[in-house]
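Text of the file final20.cif, holding mmCIF, C-alpha atoms and all ligand atoms:
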data_upload
loop_
_atom_site.group_PDB
_atom_site.id
_atom_site.type_symbol
_atom_site.label_atom_id
_atom_site.label_comp_id
_atom_site.auth_asym_id
_atom_site.auth_seq_id
_atom_site.Cartn_x
_atom_site.Cartn_y
_atom_site.Cartn_z
ATOM 1 C CA MET E 96 -29.196 2.303 4.853
ATOM 2 C CA PRO E 97 -30.426 4.336 7.841
ATOM 3 C CA GLU E 98 -27.513 5.944 9.694
ATOM 4 C CA LEU E 99 -27.985 4.089 13.013
ATOM 5 C CA LEU E 100 -28.153 0.718 11.290
ATOM 6 C CA ARG E 101 -25.028 1.509 9.284
ATOM 7 C CA VAL E 102 -23.145 2.384 12.493
ATOM 8 C CA ALA E 103 -24.373 -0.719 14.358
ATOM 9 C CA ARG E 104 -23.410 -2.991 11.484
ATOM 10 C CA ALA E 105 -20.000 -1.388 11.097
ATOM 11 C CA VAL E 106 -19.251 -1.700 14.845
ATOM 12 C CA ALA E 107 -20.348 -5.373 14.894
ATOM 13 C CA THR E 108 -18.283 -6.325 11.816
ATOM 14 C CA ASN E 109 -15.301 -4.462 13.280
ATOM 15 C CA GLN E 110 -15.462 -6.825 16.267
ATOM 16 C CA LEU E 111 -15.538 -9.799 13.897
ATOM 17 C CA ALA E 112 -12.509 -8.435 12.003
ATOM 18 C CA TRP E 113 -10.714 -8.088 15.335
ATOM 19 C CA LEU E 114 -11.586 -11.544 16.726
ATOM 20 C CA ALA E 115 -11.366 -13.540 13.481
ATOM 21 C CA PRO E 116 -9.258 -11.616 10.923
ATOM 22 C CA ARG E 117 -8.850 -14.581 8.541
ATOM 23 C CA ALA E 118 -12.592 -15.301 8.496
ATOM 24 C CA TYR E 119 -13.279 -11.606 7.906
ATOM 25 C CA LEU E 120 -10.841 -11.502 4.971
ATOM 26 C CA ARG E 121 -12.471 -14.626 3.505
ATOM 27 C CA MET E 122 -15.991 -13.249 3.938
ATOM 28 C CA THR E 123 -15.142 -9.932 2.333
ATOM 29 C CA ALA E 124 -12.921 -11.591 -0.348
ATOM 30 C CA GLN E 125 -10.453 -8.728 -0.162
ATOM 31 C CA THR E 126 -7.708 -8.515 -2.765
ATOM 32 C CA GLY E 127 -6.324 -5.216 -1.557
ATOM 33 C CA ARG E 128 -7.050 -3.609 -4.944
ATOM 34 C CA GLY E 129 -10.711 -3.106 -4.155
ATOM 35 C CA ASP E 130 -11.643 -4.769 -7.465
ATOM 36 C CA SER E 131 -15.156 -5.894 -8.224
ATOM 37 C CA GLY E 132 -14.103 -9.463 -9.016
ATOM 38 C CA ASP E 133 -14.644 -9.110 -12.757
ATOM 39 C CA GLU E 134 -11.126 -7.954 -13.644
ATOM 40 C CA SER E 135 -9.391 -10.313 -16.048
ATOM 41 C CA PRO E 136 -5.907 -11.707 -15.296
ATOM 42 C CA GLU E 137 -4.597 -9.413 -18.060
ATOM 43 C CA ASP E 138 -6.205 -6.365 -16.369
ATOM 44 C CA ILE E 139 -4.549 -7.288 -13.088
ATOM 45 C CA ALA E 140 -1.186 -7.918 -14.774
ATOM 46 C CA ASP E 141 -1.537 -4.461 -16.387
ATOM 47 C CA TYR E 142 -2.223 -2.966 -12.967
ATOM 48 C CA PHE E 143 1.030 -4.384 -11.560
ATOM 49 C CA ARG E 144 3.009 -3.180 -14.611
ATOM 50 C CA ARG E 145 1.492 0.278 -14.128
ATOM 51 C CA CYS E 146 2.521 0.242 -10.448
ATOM 52 C CA VAL E 147 6.172 -0.403 -11.394
ATOM 53 C CA ASP E 148 6.056 2.226 -14.172
ATOM 54 C CA ASP E 149 4.629 4.758 -11.689
ATOM 55 C CA TYR E 150 7.374 4.066 -9.126
ATOM 56 C CA LEU E 151 10.061 4.535 -11.778
ATOM 57 C CA ALA E 152 8.421 7.709 -13.098
ATOM 58 C CA PHE E 153 8.263 9.150 -9.560
ATOM 59 C CA ALA E 154 11.964 8.378 -9.117
ATOM 60 C CA GLY E 155 12.760 9.939 -12.519
ATOM 61 C CA VAL E 156 14.141 6.653 -13.874
ATOM 62 C CA PRO E 157 13.596 6.207 -17.634
ATOM 63 C CA ALA E 158 12.057 2.784 -18.441
ATOM 64 C CA GLN E 159 15.199 1.692 -20.321
ATOM 65 C CA ASP E 160 17.309 2.279 -17.157
ATOM 66 C CA ALA E 161 15.031 0.279 -14.839
ATOM 67 C CA GLU E 162 17.306 -2.756 -14.706
ATOM 68 C CA SER E 163 20.439 -0.768 -13.891
ATOM 69 C CA VAL E 164 18.601 0.914 -10.990
ATOM 70 C CA LEU E 165 16.964 -2.268 -9.647
ATOM 71 C CA GLU E 166 19.689 -4.839 -10.308
ATOM 72 C CA ASN E 167 20.849 -6.639 -7.153
ATOM 73 C CA ARG E 168 18.719 -4.373 -4.970
ATOM 74 C CA THR E 169 16.954 -5.541 -1.841
ATOM 75 C CA ILE E 170 13.472 -4.045 -1.719
ATOM 76 C CA LEU E 171 10.883 -3.883 1.036
ATOM 77 C CA GLU E 172 7.250 -3.555 -0.053
ATOM 78 C CA TYR E 173 4.577 -2.744 2.506
ATOM 79 C CA GLY E 174 1.079 -4.155 1.883
ATOM 80 C CA PRO E 175 1.338 -6.131 -1.385
ATOM 81 C CA GLY E 176 -2.359 -7.184 -1.333
ATOM 82 C CA ASP E 177 -3.395 -10.716 -2.308
ATOM 83 C CA PHE E 178 -0.711 -11.284 -4.967
ATOM 84 C CA PRO E 179 2.911 -10.068 -4.968
ATOM 85 C CA GLY E 180 2.777 -8.877 -8.585
ATOM 86 C CA VAL E 181 4.972 -5.813 -8.025
ATOM 87 C CA ALA E 182 7.580 -7.921 -6.193
ATOM 88 C CA LEU E 183 7.661 -10.445 -9.048
ATOM 89 C CA LEU E 184 8.164 -7.687 -11.624
ATOM 90 C CA LEU E 185 10.949 -6.110 -9.559
ATOM 91 C CA LEU E 186 12.706 -9.485 -9.344
ATOM 92 C CA ALA E 187 12.235 -9.965 -13.092
ATOM 93 C CA HIS E 188 13.953 -6.574 -13.516
ATOM 94 C CA GLY E 189 16.960 -7.960 -11.641
ATOM 95 C CA ALA E 190 16.249 -7.120 -7.971
ATOM 96 C CA ARG E 191 17.995 -9.580 -5.631
ATOM 97 C CA LYS E 192 15.284 -10.027 -3.027
ATOM 98 C CA VAL E 193 11.927 -8.508 -2.099
ATOM 99 C CA TYR E 194 10.470 -8.552 1.384
ATOM 100 C CA CYS E 195 6.691 -8.094 1.434
ATOM 101 C CA VAL E 196 5.266 -7.140 4.803
ATOM 102 C CA ASP E 197 1.604 -7.016 5.737
ATOM 103 C CA ARG E 198 -0.566 -6.742 8.786
ATOM 104 C CA PHE E 199 -3.036 -9.238 7.309
ATOM 105 C CA PRO E 200 -2.319 -12.646 5.703
ATOM 106 C CA MET E 201 -3.573 -11.573 2.284
ATOM 107 C CA ILE E 202 -1.475 -13.457 -0.295
ATOM 108 C CA ARG E 203 -3.239 -16.357 -2.035
ATOM 109 C CA LEU E 204 -1.902 -18.539 -4.864
ATOM 110 C CA SER E 205 -5.455 -18.965 -6.177
ATOM 111 C CA PRO E 206 -6.076 -20.261 -9.727
ATOM 112 C CA LYS E 207 -6.917 -16.685 -10.765
ATOM 113 C CA ASN E 208 -3.684 -15.325 -9.298
ATOM 114 C CA LEU E 209 -1.723 -18.033 -11.109
ATOM 115 C CA ASP E 210 -3.375 -16.838 -14.337
ATOM 116 C CA VAL E 211 -2.209 -13.313 -13.458
ATOM 117 C CA TRP E 212 1.326 -14.670 -13.102
ATOM 118 C CA ARG E 213 1.039 -16.324 -16.551
ATOM 119 C CA ALA E 214 -0.261 -13.044 -18.050
ATOM 120 C CA MET E 215 2.685 -11.204 -16.489
ATOM 121 C CA LEU E 216 5.131 -13.767 -17.929
ATOM 122 C CA ASP E 217 3.531 -13.403 -21.382
ATOM 123 C CA GLY E 218 4.171 -9.652 -21.295
ATOM 124 C CA MET E 219 7.878 -9.944 -20.449
ATOM 125 C CA GLY E 220 10.924 -9.615 -22.677
ATOM 126 C CA ASP E 221 13.445 -12.486 -22.862
ATOM 127 C CA ASN E 222 15.698 -11.396 -19.984
ATOM 128 C CA GLN E 223 12.855 -10.645 -17.607
ATOM 129 C CA ARG E 224 11.091 -13.892 -18.483
ATOM 130 C CA ARG E 225 14.258 -15.921 -17.880
ATOM 131 C CA ARG E 226 14.695 -14.318 -14.442
ATOM 132 C CA ALA E 227 10.989 -14.704 -13.634
ATOM 133 C CA LEU E 228 10.944 -18.404 -14.519
ATOM 134 C CA ALA E 229 14.073 -18.959 -12.425
ATOM 135 C CA LEU E 230 12.085 -17.770 -9.386
ATOM 136 C CA LEU E 231 9.799 -20.789 -9.548
ATOM 137 C CA ARG E 232 10.385 -24.102 -7.811
ATOM 138 C CA ASP E 233 9.139 -25.737 -11.003
ATOM 139 C CA PRO E 234 8.918 -23.488 -14.120
ATOM 140 C CA ASP E 235 6.258 -25.786 -15.609
ATOM 141 C CA LEU E 236 4.091 -25.725 -12.486
ATOM 142 C CA PRO E 237 3.773 -22.206 -10.991
ATOM 143 C CA ALA E 238 1.290 -23.625 -8.425
ATOM 144 C CA LYS E 239 4.273 -25.206 -6.621
ATOM 145 C CA GLY E 240 5.279 -21.684 -5.625
ATOM 146 C CA LEU E 241 8.531 -19.745 -5.515
ATOM 147 C CA ARG E 242 12.020 -20.877 -4.590
ATOM 148 C CA PRO E 243 12.897 -19.806 -1.040
ATOM 149 C CA GLY E 244 14.915 -16.614 -0.680
ATOM 150 C CA THR E 245 13.337 -14.648 -3.548
ATOM 151 C CA ILE E 246 10.226 -13.140 -1.955
ATOM 152 C CA GLU E 247 9.943 -13.240 1.817
ATOM 153 C CA TYR E 248 6.389 -12.643 3.042
ATOM 154 C CA LEU E 249 6.192 -11.274 6.571
ATOM 155 C CA VAL E 250 2.835 -10.992 8.353
ATOM 156 C CA ARG E 251 3.432 -8.929 11.457
ATOM 157 C CA PRO E 252 1.420 -6.996 14.058
ATOM 158 C CA TYR E 253 1.080 -3.377 12.935
ATOM 159 C CA GLY E 254 2.689 -4.418 9.622
ATOM 160 C CA PHE E 255 6.202 -3.538 10.851
ATOM 161 C CA SER E 256 9.018 -5.356 9.029
ATOM 162 C CA GLY E 257 11.518 -5.421 11.898
ATOM 163 C CA LEU E 258 14.366 -5.284 9.322
ATOM 164 C CA SER E 259 17.523 -3.344 9.989
ATOM 165 C CA GLY E 260 19.810 -1.703 7.403
ATOM 166 C CA GLU E 261 18.918 -4.247 4.695
ATOM 167 C CA ALA E 262 16.735 -2.468 2.156
ATOM 168 C CA ASP E 263 18.016 -0.331 -0.721
ATOM 169 C CA LEU E 264 14.477 0.719 -1.457
ATOM 170 C CA VAL E 265 11.163 0.783 0.432
ATOM 171 C CA ILE E 266 7.919 1.085 -1.530
ATOM 172 C CA SER E 267 4.164 0.990 -1.063
ATOM 173 C CA ARG E 268 1.035 1.822 -2.977
ATOM 174 C CA ALA E 269 -2.327 2.449 -1.355
ATOM 175 C CA VAL E 270 -1.020 1.203 2.003
ATOM 176 C CA LEU E 271 0.067 4.082 4.250
ATOM 177 C CA GLU E 272 -3.511 5.334 4.471
ATOM 178 C CA HIS E 273 -4.371 1.972 6.113
ATOM 179 C CA VAL E 274 -1.606 1.594 8.692
ATOM 180 C CA ASP E 275 -2.602 1.934 12.328
ATOM 181 C CA ASP E 276 0.647 3.491 13.575
ATOM 182 C CA LEU E 277 1.986 5.914 10.973
ATOM 183 C CA PRO E 278 4.969 7.234 13.016
ATOM 184 C CA GLY E 279 5.826 3.591 13.824
ATOM 185 C CA THR E 280 5.636 2.584 10.157
ATOM 186 C CA PHE E 281 7.940 5.448 9.096
ATOM 187 C CA ALA E 282 10.360 4.542 11.917
ATOM 188 C CA ASP E 283 10.259 0.897 10.759
ATOM 189 C CA MET E 284 11.065 1.825 7.156
ATOM 190 C CA LEU E 285 13.868 4.168 8.186
ATOM 191 C CA GLU E 286 15.406 1.384 10.290
ATOM 192 C CA ALA E 287 14.952 -1.117 7.420
ATOM 193 C CA LEU E 288 16.747 1.138 4.907
ATOM 194 C CA ARG E 289 20.506 1.104 4.507
ATOM 195 C CA PRO E 290 22.189 4.550 4.525
ATOM 196 C CA GLY E 291 21.523 6.184 1.159
ATOM 197 C CA GLY E 292 18.438 4.004 0.550
ATOM 198 C CA GLN E 293 15.223 5.537 -0.756
ATOM 199 C CA ALA E 294 11.497 5.394 0.005
ATOM 200 C CA TRP E 295 8.793 5.799 -2.670
ATOM 201 C CA HIS E 296 5.152 5.682 -1.520
ATOM 202 C CA LEU E 297 1.900 6.435 -3.297
ATOM 203 C CA VAL E 298 -0.807 7.299 -0.766
ATOM 204 C CA ASP E 299 -4.541 7.277 -1.516
ATOM 205 C CA LEU E 300 -6.292 9.778 0.764
ATOM 206 C CA LYS E 301 -9.769 9.233 -0.711
ATOM 207 C CA SER E 302 -12.632 7.769 1.342
ATOM 208 C CA HIS E 303 -12.425 4.238 -0.155
ATOM 209 C CA GLY E 304 -16.175 4.332 -0.761
ATOM 210 C CA LEU E 305 -16.977 5.561 2.751
ATOM 211 C CA HIS E 306 -18.239 9.039 1.848
ATOM 212 C CA ARG E 307 -21.827 9.968 1.110
ATOM 213 C CA THR E 308 -22.255 13.075 -1.045
ATOM 214 C CA ASN E 309 -18.975 14.974 -0.731
ATOM 215 C CA PRO E 310 -15.611 13.160 -1.268
ATOM 216 C CA LEU E 311 -14.425 14.608 2.062
ATOM 217 C CA ASP E 312 -17.520 14.020 4.221
ATOM 218 C CA PHE E 313 -16.020 10.838 5.740
ATOM 219 C CA LEU E 314 -13.961 13.326 7.809
ATOM 220 C CA ALA E 315 -17.160 14.273 9.658
ATOM 221 C CA TRP E 316 -17.228 11.093 11.792
ATOM 222 C CA PRO E 317 -15.680 11.735 15.230
ATOM 223 C CA ALA E 318 -12.438 9.822 15.752
ATOM 224 C CA TRP E 319 -13.866 7.544 18.479
ATOM 225 C CA LEU E 320 -16.771 6.424 16.295
ATOM 226 C CA TRP E 321 -14.554 5.894 13.224
ATOM 227 C CA LYS E 322 -12.306 3.716 15.379
ATOM 228 C CA ALA E 323 -15.254 1.707 16.738
ATOM 229 C CA MET E 324 -16.535 1.081 13.201
ATOM 230 C CA TYR E 325 -13.332 0.445 11.288
ATOM 231 C CA SER E 326 -10.129 0.031 13.340
ATOM 232 C CA HIS E 327 -9.629 -3.690 12.540
ATOM 233 C CA LYS E 328 -10.744 -3.713 8.931
ATOM 234 C CA GLY E 329 -7.837 -1.998 7.220
ATOM 235 C CA VAL E 330 -9.992 0.935 6.045
ATOM 236 C CA PRO E 331 -8.413 4.424 5.851
ATOM 237 C CA ASN E 332 -6.892 5.840 9.009
ATOM 238 C CA ARG E 333 -7.892 9.337 7.710
ATOM 239 C CA TRP E 334 -4.545 10.988 8.459
ATOM 240 C CA ARG E 335 -4.143 13.955 6.165
ATOM 241 C CA LEU E 336 -1.159 15.581 4.490
ATOM 242 C CA ASP E 337 -0.429 17.732 7.591
ATOM 243 C CA THR E 338 0.161 14.602 9.711
ATOM 244 C CA TYR E 339 2.608 13.163 7.151
ATOM 245 C CA ARG E 340 4.440 16.510 6.998
ATOM 246 C CA ARG E 341 4.669 16.718 10.796
ATOM 247 C CA ILE E 342 5.976 13.148 11.219
ATOM 248 C CA LEU E 343 8.454 13.367 8.353
ATOM 249 C CA HIS E 344 9.846 16.754 9.395
ATOM 250 C CA GLN E 345 10.876 15.167 12.694
ATOM 251 C CA LEU E 346 12.777 12.289 11.082
ATOM 252 C CA PRO E 347 16.457 12.323 10.108
ATOM 253 C CA ILE E 348 15.829 12.098 6.348
ATOM 254 C CA ASP E 349 16.977 13.911 3.202
ATOM 255 C CA GLU E 350 15.309 14.911 -0.052
ATOM 256 C CA LEU E 351 11.754 14.816 1.319
ATOM 257 C CA ARG E 352 9.087 15.036 -1.391
ATOM 258 C CA LEU E 353 5.368 15.392 -0.590
ATOM 259 C CA GLU E 354 3.611 15.740 -3.936
ATOM 260 C CA PRO E 355 -0.193 15.820 -4.190
ATOM 261 C CA THR E 356 -1.599 13.783 -7.077
ATOM 262 C CA LEU E 357 -5.305 14.537 -6.654
ATOM 263 C CA ARG E 358 -7.310 17.383 -5.085
ATOM 264 C CA ALA E 359 -10.928 17.883 -4.074
ATOM 265 C CA SER E 360 -12.574 20.932 -5.640
ATOM 266 C CA ALA E 361 -12.663 24.258 -3.764
ATOM 267 C CA ALA E 362 -16.477 23.913 -3.648
ATOM 268 C CA ASP E 363 -16.266 20.499 -1.924
ATOM 269 C CA VAL E 364 -13.695 21.819 0.558
ATOM 270 C CA ALA E 365 -15.910 24.803 1.439
ATOM 271 C CA ALA E 366 -19.048 22.637 1.722
ATOM 272 C CA VAL E 367 -17.493 20.063 4.045
ATOM 273 C CA ARG E 368 -15.769 22.523 6.395
ATOM 274 C CA PRO E 369 -18.761 23.068 8.770
ATOM 275 C CA GLN E 370 -19.226 19.288 9.097
ATOM 276 C CA LEU E 371 -15.622 18.380 9.971
ATOM 277 C CA ALA E 372 -14.870 16.372 13.146
ATOM 278 C CA PRO E 373 -12.690 18.273 15.663
ATOM 279 C CA GLY E 374 -9.390 16.647 14.584
ATOM 280 C CA PHE E 375 -9.716 18.061 11.036
ATOM 281 C CA ARG E 376 -10.931 21.600 11.721
ATOM 282 C CA ALA E 377 -7.481 23.210 11.835
ATOM 283 C CA LEU E 378 -6.484 21.894 8.393
ATOM 284 C CA SER E 379 -5.664 24.501 5.756
ATOM 285 C CA ASP E 380 -7.819 24.386 2.622
ATOM 286 C CA ASP E 381 -4.811 23.097 0.674
ATOM 287 C CA ASP E 382 -4.119 20.201 3.023
ATOM 288 C CA LEU E 383 -7.813 19.356 3.327
ATOM 289 C CA ALA E 384 -8.184 19.245 -0.463
ATOM 290 C CA CYS E 385 -5.395 16.675 -0.896
ATOM 291 C CA LEU E 386 -6.883 13.289 -1.898
ATOM 292 C CA GLY E 387 -3.673 11.516 -2.884
ATOM 293 C CA MET E 388 0.062 12.083 -2.896
ATOM 294 C CA TRP E 389 3.538 10.720 -3.429
ATOM 295 C CA VAL E 390 5.841 10.597 -0.431
ATOM 296 C CA GLY E 391 9.537 10.171 -1.109
ATOM 297 C CA PHE E 392 12.724 10.512 0.897
ATOM 298 C CA ARG E 393 16.281 9.283 1.231
ATOM 299 C CA LYS E 394 17.992 7.950 4.327
ATOM 300 C CA PRO E 395 21.130 10.062 4.903
ATOM 301 C CA GLY E 396 24.506 8.461 4.357
ATOM 302 C CA ARG E 397 26.608 6.901 1.618
HETATM 303 C C1 LIG W 1 -5.466 -1.235 -0.552
HETATM 304 S S1 LIG W 1 -4.386 -2.575 -0.319
HETATM 305 C C2 LIG W 1 -3.121 -2.228 -1.497
HETATM 306 C C3 LIG W 1 -2.521 -3.481 -2.057
HETATM 307 C C4 LIG W 1 -1.453 -3.277 -3.140
HETATM 308 N N1 LIG W 1 -0.389 -2.430 -2.679
HETATM 309 C C5 LIG W 1 -2.065 -2.749 -4.406
HETATM 310 O O1 LIG W 1 -1.735 -1.632 -4.824
HETATM 311 O O2 LIG W 1 -2.863 -3.493 -5.002
HETATM 312 C C6 LIG W 1 -3.684 -2.259 1.234
HETATM 313 C C7 LIG W 1 -2.689 -3.279 1.690
HETATM 314 O O3 LIG W 1 -2.099 -2.788 2.895
HETATM 315 C C8 LIG W 1 -2.132 -3.805 3.858
HETATM 316 N N2 LIG W 1 -2.034 -3.224 5.193
HETATM 317 C C9 LIG W 1 -2.985 -2.754 5.986
HETATM 318 N N3 LIG W 1 -2.474 -2.301 7.139
HETATM 319 C C10 LIG W 1 -1.154 -2.482 7.047
HETATM 320 C C11 LIG W 1 -0.068 -2.217 7.894
HETATM 321 N N4 LIG W 1 -0.246 -1.679 9.100
HETATM 322 N N5 LIG W 1 1.188 -2.503 7.460
HETATM 323 C C12 LIG W 1 1.384 -3.078 6.246
HETATM 324 N N6 LIG W 1 0.376 -3.354 5.414
HETATM 325 C C13 LIG W 1 -0.859 -3.064 5.811
HETATM 326 C C14 LIG W 1 -3.399 -4.577 3.540
HETATM 327 O O4 LIG W 1 -3.443 -5.845 4.136
HETATM 328 C C15 LIG W 1 -3.274 -4.648 2.030
HETATM 329 O O5 LIG W 1 -2.381 -5.659 1.616
#
As structure tokens, what does this structure read like?
Ligand SMILES: C[S@@+](CC[C@H](N)C(=O)[O-])C[C@H]1O[C@@H](n2cnc3c(N)ncnc32)[C@H](O)[C@@H]1O
Amino acid sequence: MPELLRVARAVATNQLAWLAPRAYLRMTAQTGRGDSGDESPEDIADYFRRCVDDYLAFAGVPAQDAESVLENRTILEYGPGDFPGVALLLLAHGARKVYCVDRFPMIRLSPKNLDVWRAMLDGMGDNQRRRALALLRDPDLPAKGLRPGTIEYLVRPYGFSGLSGEADLVISRAVLEHVDDLPGTFADMLEALRPGGQAWHLVDLKSHGLHRTNPLDFLAWPAWLWKAMYSHKGVPNRWRLDTYRRILHQLPIDELRLEPTLRASAADVAAVRPQLAPGFRALSDDDLACLGMWVGFRKPGR
């Protein structure tokens, strides 16, 4: 698509996403996972199991100890997407309650998502399955939804939870790169955590399909134009590792971990450097190369 047309279209659809967010979500059929629509329920159930395994691996918790770590915990998940699969698995592992907070009203109990739930139940051991079935209003009819008090879904401006001292654990996957106020989101999670609580976040710093020839060339758009094209659509905010480091170093937290999971090649970093928009020019090669990372910390106290 010619460049000018691409920009005009992106700016116009950004206005639509701003004025009619529900209609925009419906039109674009977003799940949050960026899937092509041909994933099977089993594939999606596998994805959610992998998410939980990845969180536990990041925290250094062996799979057989998952229940002792999660039992009776209150967990806050930012940005669950269109189905709270991770929350359901955490509850099946013995968590007491999961809050899911989002900026957009994404969750849908569609027939496909109910099939995902059935596929998740099929993959569970006896204890997990018993807990999972107890979450339902009617174990024979998952479409009737969950009993109140198990998962609480909060749709809030900026995606802030507004919780205070309640969460033992705060998690997210592929969410922080979408938030519009990153310092505000970190302040919200710190307030939501009880003293001693932990945060585990997997951040995807890739372009989400918005680059052309180099995986970093989406950093060439000036900030004002990026905002005009994408600010209401939940596409990446483009903050890089240096911004996370700067925000987190100012917060009263312990045991900070910033661990890159994926890097652009040195050749791509060198090739994109002359094209970078002003806000990215001071980045070191190392920080510029980072295309994904884990962020972890602990709130000081007990
Ligand atoms: C790429 S999806 C990831 C969904 C899910 N975590 C997964 O791994 O499948 C991003 C999610 O973040 C949500 N989101 C976007 N901005 C947010 C914000 N400011 N606060 C909380 N969630 C937000 C989106 O609505 C969506 O649910």
- Query: Would you name the residues within 6 Å of ligand LIG 1 (chain W), counting only C-alpha atoms and all ligand atoms, and put them as an NGL selection string?
  - Reply: :E and (127-128 or 173-176 or 196-199 or 253-254 or 267-270 or 273-275 or 329)
- Who sits within 9 Å of E:Trp113, only C-alpha atoms, same chain under 5 positions skipped, as a list in words: Thr108, Tyr119, Ser326, His327 and Lys328 of chain E
Output for the residues just chosen: C-alpha atoms as a PDB file, in the frame of the given file:
ATOM      1  CA  THR E 108     -18.283  -6.325  11.816  1.00  0.00           C
ATOM      2  CA  TYR E 119     -13.279 -11.606   7.906  1.00  0.00           C
ATOM      3  CA  SER E 326     -10.129   0.031  13.340  1.00  0.00           C
ATOM      4  CA  HIS E 327      -9.629  -3.690  12.540  1.00  0.00           C
ATOM      5  CA  LYS E 328     -10.744  -3.713   8.931  1.00  0.00           C
TER       6      LYS E 328
END
- Item | Residue among E:Val211, E:Met219, E:Ala384, E:Ala361 lying closest to E:Ile139, counting all atoms listed in the file |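 Of E:Val211, E:Met219, E:Ala384, E:Ala361, the one nearest E:Ile139 is E:Val211, counting all atoms listed in the file.
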- Considering only C-alpha atoms, state which residue in the set E:Arg224, E:Arg251, E:Arg191, E:Arg335 is at the smallest distance from E:Gly374.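 The shortest atom-to-atom distance to E:Gly374 comes from E:Arg335.
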- Using only C-alpha atoms, collect all residues at a distance of at most 12 Å from (-15.9, 14.2, 11.5) as written in the file, then present them as a count of residues only. 24
- Query: Hey, can you check how far atom CA of E:Ser163 sits from atom CA of E:Gly189?
  - Reply: 8.3 Å
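Atom CA of E:Thr356 to atom CA of E:Leu264 spans 21.5 Å [interatomic distance, one decimal].
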Calculate, to one decimal in Å, the centre and edge lengths of the box along x, y and z of the file that holds all listed atoms of stretch 305-323 of chain E with 6 Å of margin on each side, and present them as lines of an AutoDock Vina configuration file.
center_x = -17.3
center_y = 8.3
center_z = 8.6
size_x = 21.9
size_y = 25.3
size_z = 31.7
Sorted by chain and rising residue number, list the residues of stretch 274-338 of chain E at most 9 Å from stretch 258-261 of chain E (counting all atoms listed in the file), each with its closest atom pair and distance in Å to one decimal, as CSV.
residue,atom,partner,partner_atom,distance
E:Asp283,CA,E:Leu258,CA,7.6
E:Met284,CA,E:Leu258,CA,8.1
E:Leu285,CA,E:Gly260,CA,8.4
E:Glu286,CA,E:Ser259,CA,5.2
E:Ala287,CA,E:Ser259,CA,4.3
E:Leu288,CA,E:Gly260,CA,4.9
E:Arg289,CA,E:Gly260,CA,4.1
E:Pro290,CA,E:Gly260,CA,7.3
